[in-house]
$ cat work_22.txt   # compact mmCIF, C-alpha atoms
# COMPACT_ATOMS: atom_id res chain seq x y z
CA MET J 1 0.00 0.00 0.00
CA PRO J 2 1.23 3.54 -0.77
CA VAL J 3 3.03 6.06 1.41
CA ILE J 4 1.71 9.52 0.55
CA LEU J 5 2.70 13.04 1.59
CA HIS J 6 -0.40 15.27 1.92
CA ILE J 7 -0.38 19.08 1.65
CA GLU J 8 -3.36 21.33 2.46
CA THR J 9 -3.10 25.14 2.16
CA ALA J 10 -6.51 26.28 0.84
CA THR J 11 -7.52 28.26 3.95
CA ASP J 12 -5.90 30.03 6.92
CA THR J 13 -4.96 26.61 8.26
CA CYS J 14 -1.85 25.13 6.67
CA SER J 15 -1.21 21.43 7.32
CA VAL J 16 0.91 18.48 6.24
CA ALA J 17 0.46 14.77 6.88
CA VAL J 18 1.97 11.44 5.86
CA SER J 19 -0.13 8.31 5.45
CA GLN J 20 1.02 4.70 5.17
CA ASP J 21 -1.52 1.99 4.37
CA THR J 22 -4.30 4.56 5.12
CA ALA J 23 -2.93 5.20 8.65
CA ILE J 24 -1.61 8.69 9.48
CA ILE J 25 1.96 8.29 10.70
CA PHE J 26 2.90 11.99 10.76
CA GLN J 27 0.96 15.26 10.90
CA THR J 28 1.56 18.91 11.66
CA ASP J 29 -0.32 22.19 11.20
CA ASN J 30 -0.29 25.88 12.14
CA ILE J 31 -3.17 25.74 14.64
CA LYS J 32 -2.51 26.99 18.15
CA PRO J 33 -3.28 24.56 20.98
CA ASN J 34 -6.16 25.53 23.25
CA GLU J 35 -5.76 26.36 26.92
CA THR J 36 -5.53 22.65 27.79
CA GLY J 37 -2.58 22.25 25.46
CA VAL J 38 -4.57 20.11 23.03
CA ASN J 39 -4.47 20.84 19.31
CA ASP J 40 -8.17 20.33 18.57
CA GLY J 41 -8.16 21.58 14.98
CA GLN J 42 -10.70 24.28 15.82
CA THR J 43 -8.73 26.89 17.76
CA GLU J 44 -6.98 30.07 16.68
CA LYS J 45 -4.69 29.95 13.66
CA LYS J 46 -1.19 31.40 13.81
CA GLY J 47 -1.72 33.31 10.59
CA THR J 48 -1.68 32.92 6.84
CA ASN J 49 2.07 33.00 6.21
CA HIS J 50 2.00 29.70 4.36
CA ALA J 51 5.21 30.45 2.45
CA SER J 52 7.35 30.00 5.56
CA ALA J 53 5.11 27.67 7.56
CA LEU J 54 4.66 25.09 4.80
CA GLY J 55 8.38 24.77 4.12
CA THR J 56 9.06 23.99 7.77
CA MET J 57 6.24 21.44 7.94
CA VAL J 58 7.33 19.66 4.78
CA ASP J 59 10.93 19.53 6.02
CA GLU J 60 9.70 17.91 9.24
CA ALA J 61 7.67 15.35 7.30
CA LEU J 62 10.55 14.50 4.98
CA SER J 63 12.98 14.22 7.90
CA PHE J 64 10.58 11.90 9.71
CA THR J 65 10.22 9.54 6.76
CA ASP J 66 13.92 9.68 5.83
CA ASN J 67 14.95 8.91 9.42
CA HIS J 68 12.62 5.91 9.45
CA ALA J 69 13.68 4.76 5.97
CA ILE J 70 10.11 5.09 4.67
CA PRO J 71 10.08 5.77 0.91
CA PHE J 72 7.32 7.94 -0.53
CA ASP J 73 5.15 6.78 -3.41
CA ALA J 74 3.22 9.99 -4.10
CA VAL J 75 2.47 13.57 -3.13
CA ALA J 76 -1.15 14.68 -2.76
CA VAL J 77 -2.24 18.31 -2.71
CA SER J 78 -5.55 20.02 -2.11
CA TYR J 79 -5.70 22.15 -5.25
CA GLY J 80 -8.74 24.34 -4.80
CA PRO J 81 -10.83 26.29 -4.62
CA GLY J 82 -9.65 28.45 -1.76
CA SER J 83 -7.13 31.15 -0.97
CA TYR J 84 -5.33 32.27 -4.13
CA THR J 85 -1.97 32.62 -2.40
CA GLY J 86 -2.39 29.50 -0.28
CA LEU J 87 -3.25 27.32 -3.28
CA ARG J 88 -0.36 28.67 -5.32
CA ILE J 89 2.11 27.92 -2.52
CA GLY J 90 0.71 24.45 -1.83
CA VAL J 91 0.57 23.32 -5.44
CA SER J 92 4.04 24.70 -6.16
CA MET J 93 5.47 22.85 -3.17
CA ALA J 94 3.77 19.58 -4.15
CA LYS J 95 4.98 19.82 -7.73
CA GLY J 96 8.53 20.59 -6.62
CA ILE J 97 8.66 17.57 -4.30
CA ALA J 98 7.09 15.28 -6.89
CA TYR J 99 9.59 16.38 -9.53
CA GLY J 100 12.61 16.35 -7.22
CA ARG J 101 11.88 12.91 -5.78
CA ASN J 102 10.33 11.40 -8.91
CA LEU J 103 6.98 10.79 -7.20
CA ARG J 104 3.44 10.53 -8.50
CA LEU J 105 1.29 13.66 -8.08
CA ILE J 106 -2.34 13.52 -6.92
CA ALA J 107 -4.54 16.64 -6.98
CA LEU J 108 -7.64 16.54 -4.78
CA PRO J 109 -10.63 18.92 -4.93
CA THR J 110 -10.60 20.90 -1.71
CA LEU J 111 -14.35 20.71 -1.13
CA GLU J 112 -14.27 16.93 -1.49
CA VAL J 113 -11.54 16.78 1.16
CA LEU J 114 -13.71 18.92 3.46
CA CYS J 115 -16.44 16.25 3.29
CA VAL J 116 -14.21 13.52 4.75
CA PRO J 117 -14.31 14.57 8.44
CA VAL J 118 -18.10 14.89 8.21
CA LEU J 119 -18.43 11.35 6.89
CA LEU J 120 -16.05 10.04 9.56
CA VAL J 121 -17.86 11.70 12.48
CA HIS J 122 -21.48 11.85 11.35
CA ASP J 123 -22.14 8.30 10.21
CA ASP J 124 -25.81 8.62 11.21
CA LEU J 125 -26.80 11.04 8.45
CA PRO J 126 -29.96 10.13 6.49
CA GLU J 127 -29.36 7.99 3.41
CA ASP J 128 -30.69 10.69 1.10
CA ALA J 129 -28.69 13.49 2.73
CA LEU J 130 -26.56 15.79 0.61
CA LEU J 131 -23.30 17.36 1.78
CA CYS J 132 -22.58 20.99 1.00
CA PRO J 133 -19.01 22.04 1.85
CA MET J 134 -18.53 25.80 1.70
CA LEU J 135 -15.44 28.00 1.68
CA ASP J 136 -15.67 31.74 2.22
CA ALA J 137 -15.19 33.80 -0.94
CA ARG J 138 -15.82 37.28 0.57
CA ARG J 139 -19.06 39.16 1.14
CA MET J 140 -22.04 36.84 0.57
CA GLU J 141 -20.21 34.64 -1.92
CA VAL J 142 -18.96 31.13 -1.21
CA TYR J 143 -17.27 28.32 -3.08
CA ALA J 144 -19.66 25.40 -2.75
CA ALA J 145 -20.61 22.00 -4.16
CA LEU J 146 -23.14 19.28 -3.43
CA TYR J 147 -22.21 15.63 -2.85
CA THR J 148 -24.04 12.49 -1.91
CA ARG J 149 -22.83 10.51 1.10
CA ALA J 150 -20.82 8.40 -1.37
CA LEU J 151 -19.11 11.63 -2.53
CA LYS J 152 -20.81 11.49 -5.91
CA PRO J 153 -21.06 15.08 -7.22
CA VAL J 154 -24.62 16.38 -7.50
CA GLN J 155 -23.74 20.01 -8.14
CA PRO J 156 -20.25 20.95 -9.34
CA THR J 157 -17.94 23.28 -7.44
CA ALA J 158 -18.73 26.91 -8.23
CA PRO J 159 -18.71 30.40 -6.70
CA ILE J 160 -22.25 31.10 -5.44
CA ILE J 161 -23.80 34.30 -4.11
CA ILE J 162 -26.02 33.22 -1.22
CA ASP J 163 -29.62 34.43 -0.93
CA ASP J 164 -32.81 33.03 0.58
CA HIS J 165 -33.46 30.93 -2.55
CA SER J 166 -30.04 29.25 -2.63
CA PHE J 167 -30.27 25.45 -2.97
CA GLU J 168 -34.07 25.73 -2.74
CA GLN J 169 -34.79 23.03 -5.31
CA GLN J 170 -32.46 20.51 -3.68
CA LEU J 171 -33.67 21.41 -0.17
CA ASN J 172 -37.23 20.61 -1.19
CA GLN J 173 -36.11 17.06 -1.95
CA HIS J 174 -33.22 16.30 0.44
CA PRO J 175 -31.82 17.26 3.82
CA ILE J 176 -28.64 19.21 3.15
CA TYR J 177 -25.77 19.56 5.63
CA PHE J 178 -23.77 22.77 5.25
CA PHE J 179 -20.28 23.12 6.74
CA GLY J 180 -16.92 24.79 6.23
CA ASN J 181 -15.76 28.35 6.92
CA GLY J 182 -18.24 29.76 4.39
CA SER J 183 -21.33 28.25 5.99
CA GLU J 184 -21.40 30.44 9.10
CA LYS J 185 -22.64 33.51 7.23
CA CYS J 186 -25.37 31.47 5.52
CA LYS J 187 -27.22 30.40 8.68
CA GLU J 188 -29.50 33.42 8.85
CA ILE J 189 -30.23 33.35 5.10
CA ILE J 190 -30.81 29.68 4.29
CA ARG J 191 -33.63 28.89 6.70
CA HIS J 192 -35.31 25.96 4.96
CA PRO J 193 -36.35 23.19 7.41
CA ASN J 194 -34.16 20.73 5.50
CA ALA J 195 -31.06 22.92 5.97
CA HIS J 196 -28.68 21.77 8.72
CA PHE J 197 -25.41 23.45 9.70
CA LEU J 198 -22.42 21.60 11.14
CA GLU J 199 -19.88 23.62 13.11
CA GLY J 200 -16.17 23.08 13.65
CA VAL J 201 -15.51 20.88 10.61
CA PRO J 202 -11.72 21.10 10.08
CA LEU J 203 -9.96 21.16 6.72
CA LEU J 204 -6.69 19.33 7.41
CA ALA J 205 -4.19 17.33 5.38
CA LYS J 206 -4.82 14.12 7.31
CA TYR J 207 -8.32 13.91 5.83
CA MET J 208 -6.87 13.72 2.32
CA SER J 209 -5.63 10.18 2.95
CA PRO J 210 -8.65 8.05 1.90
CA LEU J 211 -9.24 10.11 -1.25
CA ALA J 212 -5.58 10.14 -2.24
CA GLU J 213 -5.15 6.41 -1.70
CA ARG J 214 -8.20 5.64 -3.81
CA ARG J 215 -6.82 7.72 -6.67
CA PHE J 216 -3.40 6.09 -6.26
CA LEU J 217 -4.82 2.58 -6.53
CA ARG J 218 -6.80 3.64 -9.61
CA GLU J 219 -3.65 5.24 -11.06
CA GLU J 220 -5.43 8.59 -11.38
CA PHE J 221 -2.35 10.79 -11.35
CA ASP J 222 -1.81 14.39 -12.42
CA ASP J 223 0.84 15.92 -14.63
CA VAL J 224 3.63 17.52 -12.61
CA ALA J 225 4.39 20.01 -15.37
CA TYR J 226 0.87 21.18 -16.13
CA LEU J 227 -1.16 21.01 -12.90
CA GLU J 228 -2.56 24.41 -11.92
CA PRO J 229 -4.61 25.38 -8.85
CA ASN J 230 -8.37 25.51 -9.30
CA TYR J 231 -8.86 29.16 -8.41
CA LEU J 232 -12.40 29.40 -9.90
CA LYS J 233 -12.06 33.20 -9.93
CA GLU J 234 -9.38 35.60 -11.07
CA PHE J 235 -7.13 37.01 -8.35
CA GLN J 236 -8.20 40.46 -7.12
CA ALA J 237 -5.55 42.52 -5.39
CA THR J 238 -6.67 44.72 -2.50
CA VAL J 239 -5.03 47.54 -0.57
CA ALA J 240 -4.47 47.05 3.14
CA LYS J 241 -6.75 49.24 5.27
CA LYS J 242 -3.78 50.87 7.02
CA LEU J 243 -2.57 52.14 3.64
CA LEU J 244 -5.89 53.74 2.66
$ encode --input "work_22.txt" --output "structure tokens"
Amino acid sequence: MPVILHIETATDTCSVAVSQDTAIIFQTDNIKPNETGVNDGQTEKKGTNHASALGTMVDEALSFTDNHAIPFDAVAVSYGPGSYTGLRIGVSMAKGIAYGRNLRLIALPTLEVLCVPVLLVHDDLPEDALLCPMLDARRMEVYAALYTRALKPVQPTAPIIIDDHSFEQQLNQHPIYFFGNGSEKCKEIIRHPNAHFLEGVPLLAKYMSPLAERRFLREEFDDVAYLEPNYLKEFQATVAKKLL
């Protein structure tokens, strides 16, 4: 079974993990521990400086595997949608490692990765439930998609401006579970009785493992030279408030 390095940089949280035979044997992230000293995946982030944080995390992962004589088979990266800068840094790092170590490259849709912790924790969801992972895209816009519990796409990933009619047709037919850092601002707008909101669903590299392994076994690899992040929208530069 494969040994895979996983890289996730689509949001404020930057994380790296290593899986071997589906088990996570190494993981690290930039989330501060809570007051009990436990890293619960839901506490304050240290910031969005992925350029420096990711390099350190990857070095730690590579040192761990090298010291234990564990050879990698592939690199998996969450390639979007999400933060423009974060995705660019993560994909560039994954491509560099794959090229430098002659490894297979696996690109995973970020919203599909976000569904994994929900499926692992909430195994009592109704059979006809749909999953709606959401990432914040500023103002009342989110990046969202709809999946069945088997992660079959029902509605493709797209930027959506949320209003009180969003997902109305699907909500009339299915219970839909909304989660991710874009779902919080939708609670007071999407008020259909079939709409349910899950809080504290983390987007971390360790949850990439089952998806990456499945693609590895199916030999669904990506081109190291041509893979690009799935930005969905063009980058829009803004001026910091202190400079205005």
$ residues_near_point --input "work_22.txt" --point "(-29.6, 19.7, 1.7)" --cutoff "8 Å" --atoms "all atoms listed in the file" --output "list of chain:residue names"
J:Ala129, J:Leu130, J:Leu131, J:Cys132, J:Phe167, J:Gln170, J:Leu171, J:Gln173, J:His174, J:Pro175, J:Ile176, J:Tyr177, J:Phe178, J:Asn194, J:Ala195, J:His196
$ atom_distance --input "work_22.txt" --atom1 "CA of Ser209 (chain J)" --atom2 "CA of Pro2 (chain J)"
10.2 Å
$ residues_around --input "work_22.txt" --residues "Leu211 (chain J)" --least-positions-apart "6" --cutoff "9 Å" --atoms "all atoms listed in the file" --output "VMD selection string"
chain J and resid 108 112 to 113 116
$ atom_distance --input "work_22.txt" --atom1 "CA of Met1 (chain J)" --atom2 "CA of Asn230 (chain J)"
28.4 Å
$ residues_near_point --input "work_22.txt" --point "(-10.0, 27.7, -4.1)" --cutoff "9 Å" --atoms "all atoms listed in the file" --output "PDB file with C-alpha atoms, keeping the file's coordinate frame"
ATOM      1  CA  ALA J  10      -6.510  26.280   0.840  1.00  0.00           C
ATOM      2  CA  THR J  11      -7.520  28.260   3.950  1.00  0.00           C
ATOM      3  CA  TYR J  79      -5.700  22.150  -5.250  1.00  0.00           C
ATOM      4  CA  GLY J  80      -8.740  24.340  -4.800  1.00  0.00           C
ATOM      5  CA  PRO J  81     -10.830  26.290  -4.620  1.00  0.00           C
ATOM      6  CA  GLY J  82      -9.650  28.450  -1.760  1.00  0.00           C
ATOM      7  CA  SER J  83      -7.130  31.150  -0.970  1.00  0.00           C
ATOM      8  CA  TYR J  84      -5.330  32.270  -4.130  1.00  0.00           C
ATOM      9  CA  GLY J  86      -2.390  29.500  -0.280  1.00  0.00           C
ATOM     10  CA  LEU J  87      -3.250  27.320  -3.280  1.00  0.00           C
ATOM     11  CA  PRO J 109     -10.630  18.920  -4.930  1.00  0.00           C
ATOM     12  CA  THR J 110     -10.600  20.900  -1.710  1.00  0.00           C
ATOM     13  CA  LEU J 111     -14.350  20.710  -1.130  1.00  0.00           C
ATOM     14  CA  LEU J 135     -15.440  28.000   1.680  1.00  0.00           C
ATOM     15  CA  ALA J 137     -15.190  33.800  -0.940  1.00  0.00           C
ATOM     16  CA  TYR J 143     -17.270  28.320  -3.080  1.00  0.00           C
ATOM     17  CA  PRO J 229      -4.610  25.380  -8.850  1.00  0.00           C
ATOM     18  CA  ASN J 230      -8.370  25.510  -9.300  1.00  0.00           C
ATOM     19  CA  TYR J 231      -8.860  29.160  -8.410  1.00  0.00           C
ATOM     20  CA  LEU J 232     -12.400  29.400  -9.900  1.00  0.00           C
ATOM     21  CA  LYS J 233     -12.060  33.200  -9.930  1.00  0.00           C
TER      22      LYS J 233
END
$ atom_distance --input "work_22.txt" --atom1 "CA of Asp73 (chain J)" --atom2 "CA of Cys14 (chain J)"
22.1 Å
$ residues_around --input "work_22.txt" --residues "Val77 (chain J)" --least-positions-apart "6" --cutoff "12 Å" --atoms "all atoms listed in the file" --output "PyMOL selection string"
chain J and resi 4-10+14-18+86-98+104-110+113+204-209+211-212+221-222+224+227-230
$ residues_around --input "work_22.txt" --residues "Asn181 (chain J)" --least-positions-apart "6" --cutoff "12 Å" --atoms "all atoms listed in the file" --output "JSON list (two decimals) with C-alpha atoms, in the frame of the given file"
[["chain", "number", "residue", "atom", "x", "y", "z"],
["J", 10, "ALA", "CA", -6.51, 26.28, 0.84],
["J", 11, "THR", "CA", -7.52, 28.26, 3.95],
["J", 12, "ASP", "CA", -5.90, 30.03, 6.92],
["J", 13, "THR", "CA", -4.96, 26.61, 8.26],
["J", 42, "GLN", "CA", -10.70, 24.28, 15.82],
["J", 82, "GLY", "CA", -9.65, 28.45, -1.76],
["J", 111, "LEU", "CA", -14.35, 20.71, -1.13],
["J", 114, "LEU", "CA", -13.71, 18.92, 3.46],
["J", 132, "CYS", "CA", -22.58, 20.99, 1.00],
["J", 133, "PRO", "CA", -19.01, 22.04, 1.85],
["J", 134, "MET", "CA", -18.53, 25.80, 1.70],
["J", 135, "LEU", "CA", -15.44, 28.00, 1.68],
["J", 136, "ASP", "CA", -15.67, 31.74, 2.22],
["J", 137, "ALA", "CA", -15.19, 33.80, -0.94],
["J", 138, "ARG", "CA", -15.82, 37.28, 0.57],
["J", 141, "GLU", "CA", -20.21, 34.64, -1.92],
["J", 142, "VAL", "CA", -18.96, 31.13, -1.21],
["J", 143, "TYR", "CA", -17.27, 28.32, -3.08],
["J", 144, "ALA", "CA", -19.66, 25.40, -2.75],
["J", 187, "LYS", "CA", -27.22, 30.40, 8.68],
["J", 197, "PHE", "CA", -25.41, 23.45, 9.70],
["J", 198, "LEU", "CA", -22.42, 21.60, 11.14],
["J", 199, "GLU", "CA", -19.88, 23.62, 13.11],
["J", 200, "GLY", "CA", -16.17, 23.08, 13.65],
["J", 201, "VAL", "CA", -15.51, 20.88, 10.61],
["J", 202, "PRO", "CA", -11.72, 21.10, 10.08],
["J", 203, "LEU", "CA", -9.96, 21.16, 6.72]]
$ residues_around --input "work_22.txt" --residues "Asp21 (chain J)" --least-positions-apart "2" --cutoff "9 Å" --atoms "all atoms listed in the file" --output "list of chain:residue names"
J:Met1, J:Pro2, J:Val3, J:Ser19, J:Ala23, J:Ile24, J:Glu213
$ closest_residue --input "work_22.txt" --among "J:Val154, J:Ile31, J:Met140, J:Ala145" --to "Ile190 (chain J)" --atoms "only C-alpha atoms"
J:Met140
$ closest_residue --input "work_22.txt" --among "J:Thr56, J:Pro71, J:Cys115, J:Asn30" --to "Phe179 (chain J)" --atoms "only C-alpha atoms"
J:Cys115
$ closest_residue --input "work_22.txt" --among "J:Arg139, J:Arg149, J:Glu219, J:His165" --to "Pro126 (chain J)" --atoms "only C-alpha atoms"
J:Arg149
$ decode --input "work_22.txt" --residues "region 177-205 of chain J" --atoms "N, CA, C and O atoms" --output "PDB file, in the first residue's frame"
ATOM      1  N   TYR J 177     -26.634  19.203   4.510  1.00  0.00           N
ATOM      2  CA  TYR J 177     -25.775  19.558   5.632  1.00  0.00           C
ATOM      3  C   TYR J 177     -24.694  20.509   5.127  1.00  0.00           C
ATOM      4  O   TYR J 177     -23.883  20.143   4.277  1.00  0.00           O
ATOM      5  N   PHE J 178     -24.710  21.730   5.650  1.00  0.00           N
ATOM      6  CA  PHE J 178     -23.768  22.772   5.251  1.00  0.00           C
ATOM      7  C   PHE J 178     -22.650  22.857   6.288  1.00  0.00           C
ATOM      8  O   PHE J 178     -22.901  22.803   7.497  1.00  0.00           O
ATOM      9  N   PHE J 179     -21.419  23.040   5.828  1.00  0.00           N
ATOM     10  CA  PHE J 179     -20.279  23.122   6.736  1.00  0.00           C
ATOM     11  C   PHE J 179     -19.107  23.771   6.018  1.00  0.00           C
ATOM     12  O   PHE J 179     -19.130  23.973   4.803  1.00  0.00           O
ATOM     13  N   GLY J 180     -18.064  24.081   6.779  1.00  0.00           N
ATOM     14  CA  GLY J 180     -16.917  24.794   6.225  1.00  0.00           C
ATOM     15  C   GLY J 180     -16.954  26.253   6.642  1.00  0.00           C
ATOM     16  O   GLY J 180     -17.967  26.756   7.148  1.00  0.00           O
ATOM     17  N   ASN J 181     -15.854  26.979   6.412  1.00  0.00           N
ATOM     18  CA  ASN J 181     -15.763  28.350   6.919  1.00  0.00           C
ATOM     19  C   ASN J 181     -16.644  29.341   6.159  1.00  0.00           C
ATOM     20  O   ASN J 181     -16.728  30.510   6.534  1.00  0.00           O
ATOM     21  N   GLY J 182     -17.301  28.883   5.092  1.00  0.00           N
ATOM     22  CA  GLY J 182     -18.240  29.755   4.386  1.00  0.00           C
ATOM     23  C   GLY J 182     -19.673  29.572   4.828  1.00  0.00           C
ATOM     24  O   GLY J 182     -20.549  30.364   4.459  1.00  0.00           O
ATOM     25  N   SER J 183     -19.938  28.557   5.625  1.00  0.00           N
ATOM     26  CA  SER J 183     -21.328  28.247   5.987  1.00  0.00           C
ATOM     27  C   SER J 183     -21.859  29.125   7.113  1.00  0.00           C
ATOM     28  O   SER J 183     -23.079  29.314   7.227  1.00  0.00           O
ATOM     29  N   GLU J 184     -20.972  29.662   7.934  1.00  0.00           N
ATOM     30  CA  GLU J 184     -21.403  30.439   9.097  1.00  0.00           C
ATOM     31  C   GLU J 184     -22.277  31.618   8.689  1.00  0.00           C
ATOM     32  O   GLU J 184     -23.308  31.896   9.324  1.00  0.00           O
ATOM     33  N   LYS J 185     -21.892  32.320   7.633  1.00  0.00           N
ATOM     34  CA  LYS J 185     -22.644  33.510   7.232  1.00  0.00           C
ATOM     35  C   LYS J 185     -23.935  33.184   6.496  1.00  0.00           C
ATOM     36  O   LYS J 185     -24.707  34.083   6.153  1.00  0.00           O
ATOM     37  N   CYS J 186     -24.170  31.888   6.249  1.00  0.00           N
ATOM     38  CA  CYS J 186     -25.367  31.471   5.523  1.00  0.00           C
ATOM     39  C   CYS J 186     -26.512  31.058   6.449  1.00  0.00           C
ATOM     40  O   CYS J 186     -27.640  30.872   5.996  1.00  0.00           O
ATOM     41  N   LYS J 187     -26.227  30.924   7.748  1.00  0.00           N
ATOM     42  CA  LYS J 187     -27.223  30.402   8.679  1.00  0.00           C
ATOM     43  C   LYS J 187     -28.494  31.230   8.724  1.00  0.00           C
ATOM     44  O   LYS J 187     -29.599  30.696   8.806  1.00  0.00           O
ATOM     45  N   GLU J 188     -28.339  32.548   8.716  1.00  0.00           N
ATOM     46  CA  GLU J 188     -29.503  33.417   8.846  1.00  0.00           C
ATOM     47  C   GLU J 188     -30.193  33.658   7.510  1.00  0.00           C
ATOM     48  O   GLU J 188     -31.233  34.332   7.471  1.00  0.00           O
ATOM     49  N   ILE J 189     -29.645  33.132   6.429  1.00  0.00           N
ATOM     50  CA  ILE J 189     -30.228  33.353   5.102  1.00  0.00           C
ATOM     51  C   ILE J 189     -30.912  32.089   4.582  1.00  0.00           C
ATOM     52  O   ILE J 189     -32.033  32.135   4.076  1.00  0.00           O
ATOM     53  N   ILE J 190     -30.222  30.959   4.716  1.00  0.00           N
ATOM     54  CA  ILE J 190     -30.807  29.684   4.288  1.00  0.00           C
ATOM     55  C   ILE J 190     -31.542  29.088   5.482  1.00  0.00           C
ATOM     56  O   ILE J 190     -30.939  28.462   6.354  1.00  0.00           O
ATOM     57  N   ARG J 191     -32.853  29.279   5.523  1.00  0.00           N
ATOM     58  CA  ARG J 191     -33.629  28.890   6.698  1.00  0.00           C
ATOM     59  C   ARG J 191     -34.660  27.800   6.384  1.00  0.00           C
ATOM     60  O   ARG J 191     -35.637  27.624   7.114  1.00  0.00           O
ATOM     61  N   HIS J 192     -34.430  27.080   5.331  1.00  0.00           N
ATOM     62  CA  HIS J 192     -35.310  25.965   4.963  1.00  0.00           C
ATOM     63  C   HIS J 192     -35.256  24.894   6.048  1.00  0.00           C
ATOM     64  O   HIS J 192     -34.191  24.655   6.642  1.00  0.00           O
ATOM     65  N   PRO J 193     -36.378  24.229   6.359  1.00  0.00           N
ATOM     66  CA  PRO J 193     -36.354  23.186   7.407  1.00  0.00           C
ATOM     67  C   PRO J 193     -35.433  22.015   7.105  1.00  0.00           C
ATOM     68  O   PRO J 193     -35.027  21.295   8.032  1.00  0.00           O
ATOM     69  N   ASN J 194     -35.078  21.809   5.855  1.00  0.00           N
ATOM     70  CA  ASN J 194     -34.156  20.729   5.503  1.00  0.00           C
ATOM     71  C   ASN J 194     -32.695  21.163   5.535  1.00  0.00           C
ATOM     72  O   ASN J 194     -31.803  20.367   5.208  1.00  0.00           O
ATOM     73  N   ALA J 195     -32.433  22.416   5.913  1.00  0.00           N
ATOM     74  CA  ALA J 195     -31.058  22.921   5.971  1.00  0.00           C
ATOM     75  C   ALA J 195     -30.491  22.709   7.374  1.00  0.00           C
ATOM     76  O   ALA J 195     -31.080  23.128   8.365  1.00  0.00           O
ATOM     77  N   HIS J 196     -29.346  22.042   7.445  1.00  0.00           N
ATOM     78  CA  HIS J 196     -28.679  21.772   8.724  1.00  0.00           C
ATOM     79  C   HIS J 196     -27.244  22.277   8.630  1.00  0.00           C
ATOM     80  O   HIS J 196     -26.580  22.101   7.600  1.00  0.00           O
ATOM     81  N   PHE J 197     -26.750  22.876   9.707  1.00  0.00           N
ATOM     82  CA  PHE J 197     -25.407  23.452   9.705  1.00  0.00           C
ATOM     83  C   PHE J 197     -24.538  22.744  10.740  1.00  0.00           C
ATOM     84  O   PHE J 197     -24.921  22.605  11.904  1.00  0.00           O
ATOM     85  N   LEU J 198     -23.372  22.291  10.280  1.00  0.00           N
ATOM     86  CA  LEU J 198     -22.418  21.598  11.141  1.00  0.00           C
ATOM     87  C   LEU J 198     -21.263  22.547  11.446  1.00  0.00           C
ATOM     88  O   LEU J 198     -20.665  23.127  10.525  1.00  0.00           O
ATOM     89  N   GLU J 199     -20.946  22.712  12.710  1.00  0.00           N
ATOM     90  CA  GLU J 199     -19.879  23.623  13.112  1.00  0.00           C
ATOM     91  C   GLU J 199     -18.575  22.880  13.399  1.00  0.00           C
ATOM     92  O   GLU J 199     -18.580  21.693  13.718  1.00  0.00           O
ATOM     93  N   GLY J 200     -17.479  23.613  13.262  1.00  0.00           N
ATOM     94  CA  GLY J 200     -16.171  23.078  13.648  1.00  0.00           C
ATOM     95  C   GLY J 200     -15.664  21.948  12.787  1.00  0.00           C
ATOM     96  O   GLY J 200     -14.942  21.082  13.283  1.00  0.00           O
ATOM     97  N   VAL J 201     -16.025  21.924  11.505  1.00  0.00           N
ATOM     98  CA  VAL J 201     -15.514  20.876  10.614  1.00  0.00           C
ATOM     99  C   VAL J 201     -14.148  21.330  10.083  1.00  0.00           C
ATOM    100  O   VAL J 201     -14.063  22.303   9.337  1.00  0.00           O
ATOM    101  N   PRO J 202     -13.063  20.638  10.445  1.00  0.00           N
ATOM    102  CA  PRO J 202     -11.720  21.100  10.080  1.00  0.00           C
ATOM    103  C   PRO J 202     -11.307  20.653   8.678  1.00  0.00           C
ATOM    104  O   PRO J 202     -11.671  19.569   8.215  1.00  0.00           O
ATOM    105  N   LEU J 203     -10.561  21.506   8.008  1.00  0.00           N
ATOM    106  CA  LEU J 203      -9.955  21.163   6.722  1.00  0.00           C
ATOM    107  C   LEU J 203      -8.474  20.943   6.965  1.00  0.00           C
ATOM    108  O   LEU J 203      -7.701  21.893   7.070  1.00  0.00           O
ATOM    109  N   LEU J 204      -8.067  19.671   7.075  1.00  0.00           N
ATOM    110  CA  LEU J 204      -6.691  19.327   7.412  1.00  0.00           C
ATOM    111  C   LEU J 204      -6.151  18.262   6.467  1.00  0.00           C
ATOM    112  O   LEU J 204      -6.907  17.455   5.912  1.00  0.00           O
ATOM    113  N   ALA J 205      -4.841  18.239   6.327  1.00  0.00           N
ATOM    114  CA  ALA J 205      -4.189  17.328   5.384  1.00  0.00           C
ATOM    115  C   ALA J 205      -4.464  15.863   5.698  1.00  0.00           C
ATOM    116  O   ALA J 205      -4.534  15.034   4.792  1.00  0.00           O
TER     117      ALA J 205
END
